[in-house]
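Trainee: For reference, the structure I am asking about is given below.
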Amino acid sequence: MKSVLVIGMGRMGRHLAHKLALLGNDVMIADKDPVLIESLADRFTDSSICDCTNEAVIRSLGVDNFDICFVTIGEDFQASLVVTSLLKKYGARRIIAKTNQDIQSELLRIIGADEVVYPEVEIAEKLAVRCNADNIFDYIPMPGQYAIYEISILPQWVGKTVVEIDVRRRYQINIMAVKHGEETNINVGPDYRFREDDHIVVIGRSDEVFRLAAKK
């Protein structure tokens, strides 16, 4: 369980705070809109109606006590910069900030953000990869040329085992799990026998995965 502060209750901030709370974390929310905070306050450990661009407010929140501080302020980039800078000044352990443009990402990092997320770009990239091939159902990017994909198996794999197909040598991918409907098997041994409609979660180079997905 972590102690988390989420500043900015726009769409992303609300979803993020709600999910973090569901996962069992202590979540404090902050926004200058009293109506918004009052409508959300009972769902979280703590809440504050405040303007976090005010240095006295950041100082009073004790931001150094939180494991992570999220800055999810919507369209006001200047406010995001000010808040990120103040969080850094008052000892926030880890700062994750939202941005909408590449140039904003660089500025946020320069003034103290440990990580910058770019939701629109990330969503667009995942959507493009999924739609690029009919057999790719999910995608998690990783640094470099590697990524994690969920893909359907080839028809000729049905009834054969992992060792018979020799997936790692022939296709240069590693199987992390097999999904079948609502079932997920994360302990896939060499004797696992593939079934019709199986999906595999694999890690590998993107070009190798695309080549395999194109074979169906």
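In the structure tokens, each chain is lettered A, B, ... as it comes, each chain's residues begin at 1, and ligands are numbered from 1 in order of appearance.
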Would you list the contacts of stretch 62-78 of chain A as a count of residues only, taking every protein, DNA or RNA residue within 8 Å and counting only C-alpha atoms, but skipping same-chain residues closer than 6 positions in sequence?

Mentor: 24

Trainee: Go through chain A and collect every residue that DSSP, computed from the backbone, puts in strand (DSSP E); the answer should be as a PyMOL selection string.

Mentor: chain A and resi 3-7+26-31+46-49+68-71+95-98+115-117+136-141+146-152+173-180+183-185+199-205

Trainee: Which residues are near A:Ile49? Cut-off 12 Å, only C-alpha atoms, ignore same chain within fewer than 2 positions. Put them as a ChimeraX atom specification.

Mentor: /A:7-9,28-41,46-47,51-52,57,61

Trainee: Write to file, as a JSON list (two decimals), in the first residue's frame, the residues of the selection just made, with C-alpha atoms.

Mentor:
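The resulting out.json:
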[["chain", "number", "residue", "atom", "x", "y", "z"],
["A", 7, "ILE", "CA", -3.54, 17.10, -7.71],
["A", 8, "GLY", "CA", -6.12, 18.01, -10.34],
["A", 9, "MET", "CA", -9.47, 16.26, -10.54],
["A", 28, "MET", "CA", -5.55, 12.19, -1.03],
["A", 29, "ILE", "CA", -7.12, 14.36, -3.73],
["A", 30, "ALA", "CA", -6.70, 18.10, -4.23],
["A", 31, "ASP", "CA", -8.38, 20.61, -6.53],
["A", 32, "LYS", "CA", -9.47, 24.24, -6.30],
["A", 33, "ASP", "CA", -13.03, 23.46, -7.39],
["A", 34, "PRO", "CA", -15.09, 23.03, -4.18],
["A", 35, "VAL", "CA", -18.06, 21.43, -5.94],
["A", 36, "LEU", "CA", -15.83, 18.80, -7.52],
["A", 37, "ILE", "CA", -13.99, 17.96, -4.30],
["A", 38, "GLU", "CA", -17.20, 17.78, -2.27],
["A", 39, "SER", "CA", -18.67, 15.32, -4.77],
["A", 40, "LEU", "CA", -15.61, 13.05, -4.52],
["A", 41, "ALA", "CA", -14.39, 13.46, -0.93],
["A", 46, "ASP", "CA", -8.45, 12.67, 2.51],
["A", 47, "SER", "CA", -9.28, 15.62, 0.28],
["A", 51, "ASP", "CA", -5.00, 26.09, -5.13],
["A", 52, "CYS", "CA", -1.79, 24.08, -5.32],
["A", 57, "VAL", "CA", -0.66, 25.26, 0.27],
["A", 61, "LEU", "CA", 0.15, 19.42, 2.52]]

Trainee: Excluding A:Met142 and any residue of its chain fewer than 6 positions from it, enumerate the residues within 10 Å of it, using only C-alpha atoms, and give them as JSON, numbers by chain.

Mentor: {"A": [148, 203, 204, 205]}

Trainee: To one decimal in Å, tell me the separation between atom CA of A:Gly159 and atom CA of A:Phe194.

Mentor: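 So the two atoms, atom CA of A:Gly159 and atom CA of A:Phe194, lie 5.4 Å apart.
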
Trainee: Quick one: residues within 12 Å of stretch 165-167 of chain A, only C-alpha atoms, excluding same-chain residues fewer than 5 positions away - as JSON, numbers by chain?

Mentor: {"A": [153, 154, 156, 157, 158, 159, 160, 172, 173, 174, 175, 176, 189, 190, 191, 192, 193, 194, 200, 202, 203, 204, 208, 209, 212]}

Trainee: Produce a file of the selected residues containing C-alpha atoms, as a CSV table (one decimal), in the first residue's frame.

Mentor:
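Output below, filename part35.csv:
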chain,number,residue,atom,x,y,z
A,153,ILE,CA,-2.1,-18.5,-31.9
A,154,LEU,CA,-1.7,-19.9,-35.4
A,156,GLN,CA,-1.7,-25.1,-37.0
A,157,TRP,CA,-0.7,-24.8,-33.3
A,158,VAL,CA,-4.0,-26.3,-32.0
A,159,GLY,CA,-3.4,-29.7,-30.4
A,160,LYS,CA,0.4,-29.2,-30.3
A,172,GLN,CA,12.2,-15.5,-31.3
A,173,ILE,CA,9.5,-14.8,-28.7
A,174,ASN,CA,8.9,-15.8,-25.1
A,175,ILE,CA,5.5,-16.9,-23.9
A,176,MET,CA,4.5,-15.2,-20.6
A,189,GLY,CA,5.3,-25.2,-19.3
A,190,PRO,CA,6.8,-27.0,-22.4
A,191,ASP,CA,4.0,-29.6,-22.3
A,192,TYR,CA,1.2,-27.1,-22.5
A,193,ARG,CA,-1.1,-28.2,-25.4
A,194,PHE,CA,-2.7,-25.3,-27.3
A,200,ILE,CA,-0.7,-15.9,-26.0
A,202,VAL,CA,4.4,-12.8,-25.4
A,203,ILE,CA,7.5,-10.6,-25.1
A,204,GLY,CA,9.7,-10.1,-28.1
A,208,GLU,CA,9.3,-10.6,-34.9
A,209,VAL,CA,5.8,-10.4,-33.3
A,212,LEU,CA,4.2,-14.0,-36.5

Trainee: Find the distance between atom CA of A:Val117 and atom CA of A:Val82 and write it in Å to one decimal.

Mentor: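 These atoms are spaced 17.1 Å apart.
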
Trainee: Just list the residues in stretch 39-206 of chain A DSSP gives alpha helix (DSSP H) on the backbone, as a PyMOL selection string.

Mentor: chain A and resi 39-40+55-61+77-89+102-110+119-132+162-165+167-171+206

Trainee: Could you tell me how far atom CA of A:Glu120 sits from atom CA of A:Ile103, in Å to one decimal place?

Mentor: 14.5 Å

Trainee: Can you tell me which residues surround A:Pro141 at a distance of at most 10 Å, considering only C-alpha atoms, apart from same-chain residues fewer than 2 positions away, and format the answer as a CSV table (one decimal) with N, CA, C and O atoms, in the first residue's frame?

Mentor:
chain,number,residue,atom,x,y,z
A,122,GLU,N,0.1,7.9,-25.9
A,122,GLU,CA,0.1,6.5,-25.5
A,122,GLU,C,-1.1,5.7,-26.0
A,122,GLU,O,-1.0,4.6,-26.5
A,125,GLU,N,-0.8,5.3,-29.8
A,125,GLU,CA,0.2,4.3,-30.2
A,125,GLU,C,-0.4,2.9,-30.0
A,125,GLU,O,-0.2,2.1,-30.9
A,126,LYS,N,-1.0,2.7,-28.9
A,126,LYS,CA,-1.6,1.3,-28.6
A,126,LYS,C,-2.7,1.0,-29.6
A,126,LYS,O,-2.8,-0.1,-30.1
A,139,TYR,N,-1.2,-4.5,-26.2
A,139,TYR,CA,0.2,-4.1,-26.5
A,139,TYR,C,0.7,-3.2,-25.3
A,139,TYR,O,0.1,-2.3,-24.9
A,143,PRO,N,11.1,-0.1,-23.3
A,143,PRO,CA,12.3,0.6,-23.9
A,143,PRO,C,13.0,-0.3,-25.0
A,143,PRO,O,13.0,-1.5,-24.8
A,144,GLY,N,13.4,0.4,-26.0
A,144,GLY,CA,14.1,-0.3,-27.0
A,144,GLY,C,13.2,-0.9,-28.0
A,144,GLY,O,12.0,-0.5,-28.2
A,145,GLN,N,13.6,-2.1,-28.6
A,145,GLN,CA,12.8,-2.7,-29.7
A,145,GLN,C,11.8,-3.7,-29.2
A,145,GLN,O,11.1,-4.3,-30.0
A,146,TYR,N,11.7,-3.9,-27.9
A,146,TYR,CA,10.9,-5.0,-27.3
A,146,TYR,C,9.6,-4.5,-26.8
A,146,TYR,O,9.5,-3.3,-26.4
A,147,ALA,N,8.6,-5.3,-26.7
A,147,ALA,CA,7.3,-5.0,-26.2
A,147,ALA,C,6.5,-6.3,-25.8
A,147,ALA,O,7.0,-7.4,-26.1
A,148,ILE,N,5.5,-6.1,-25.1
A,148,ILE,CA,4.6,-7.2,-24.7
A,148,ILE,C,3.3,-7.2,-25.5
A,148,ILE,O,2.7,-6.1,-25.6
A,149,TYR,N,3.0,-8.3,-26.1
A,149,TYR,CA,1.8,-8.3,-26.9
A,149,TYR,C,0.9,-9.5,-26.5
A,149,TYR,O,1.3,-10.5,-26.0
A,203,ILE,N,6.5,-11.7,-25.0
A,203,ILE,CA,7.5,-10.6,-25.1
A,203,ILE,C,8.5,-10.9,-26.2
A,203,ILE,O,8.9,-12.0,-26.3
A,206,SER,N,9.4,-6.2,-31.7
A,206,SER,CA,8.1,-5.9,-32.4
A,206,SER,C,8.1,-6.4,-33.8
A,206,SER,O,7.1,-7.0,-34.3

Trainee: Would you pick out the contacts of A:Asp138 at 10 Å or less, using only C-alpha atoms, so that residues sharing its chain but fewer than 4 positions from it are not included, and give the list as a compact mmCIF listing (two decimals) with C-alpha atoms, in the first residue's frame?

Mentor:
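See part13.txt below for the written result:
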# COMPACT_ATOMS: atom_id res chain seq x y z
CA LYS A 126 -1.57 1.35 -28.60
CA LEU A 127 -4.59 1.79 -30.87
CA VAL A 129 -0.54 -1.20 -33.05
CA ARG A 130 -3.76 -3.10 -32.28
CA CYS A 131 -5.40 -2.02 -35.51
CA ILE A 148 4.61 -7.22 -24.67
CA TYR A 149 1.77 -8.33 -26.93
CA GLU A 150 -1.37 -10.39 -26.71
CA ILE A 151 -1.84 -12.27 -29.98
CA VAL A 201 0.90 -13.06 -24.09
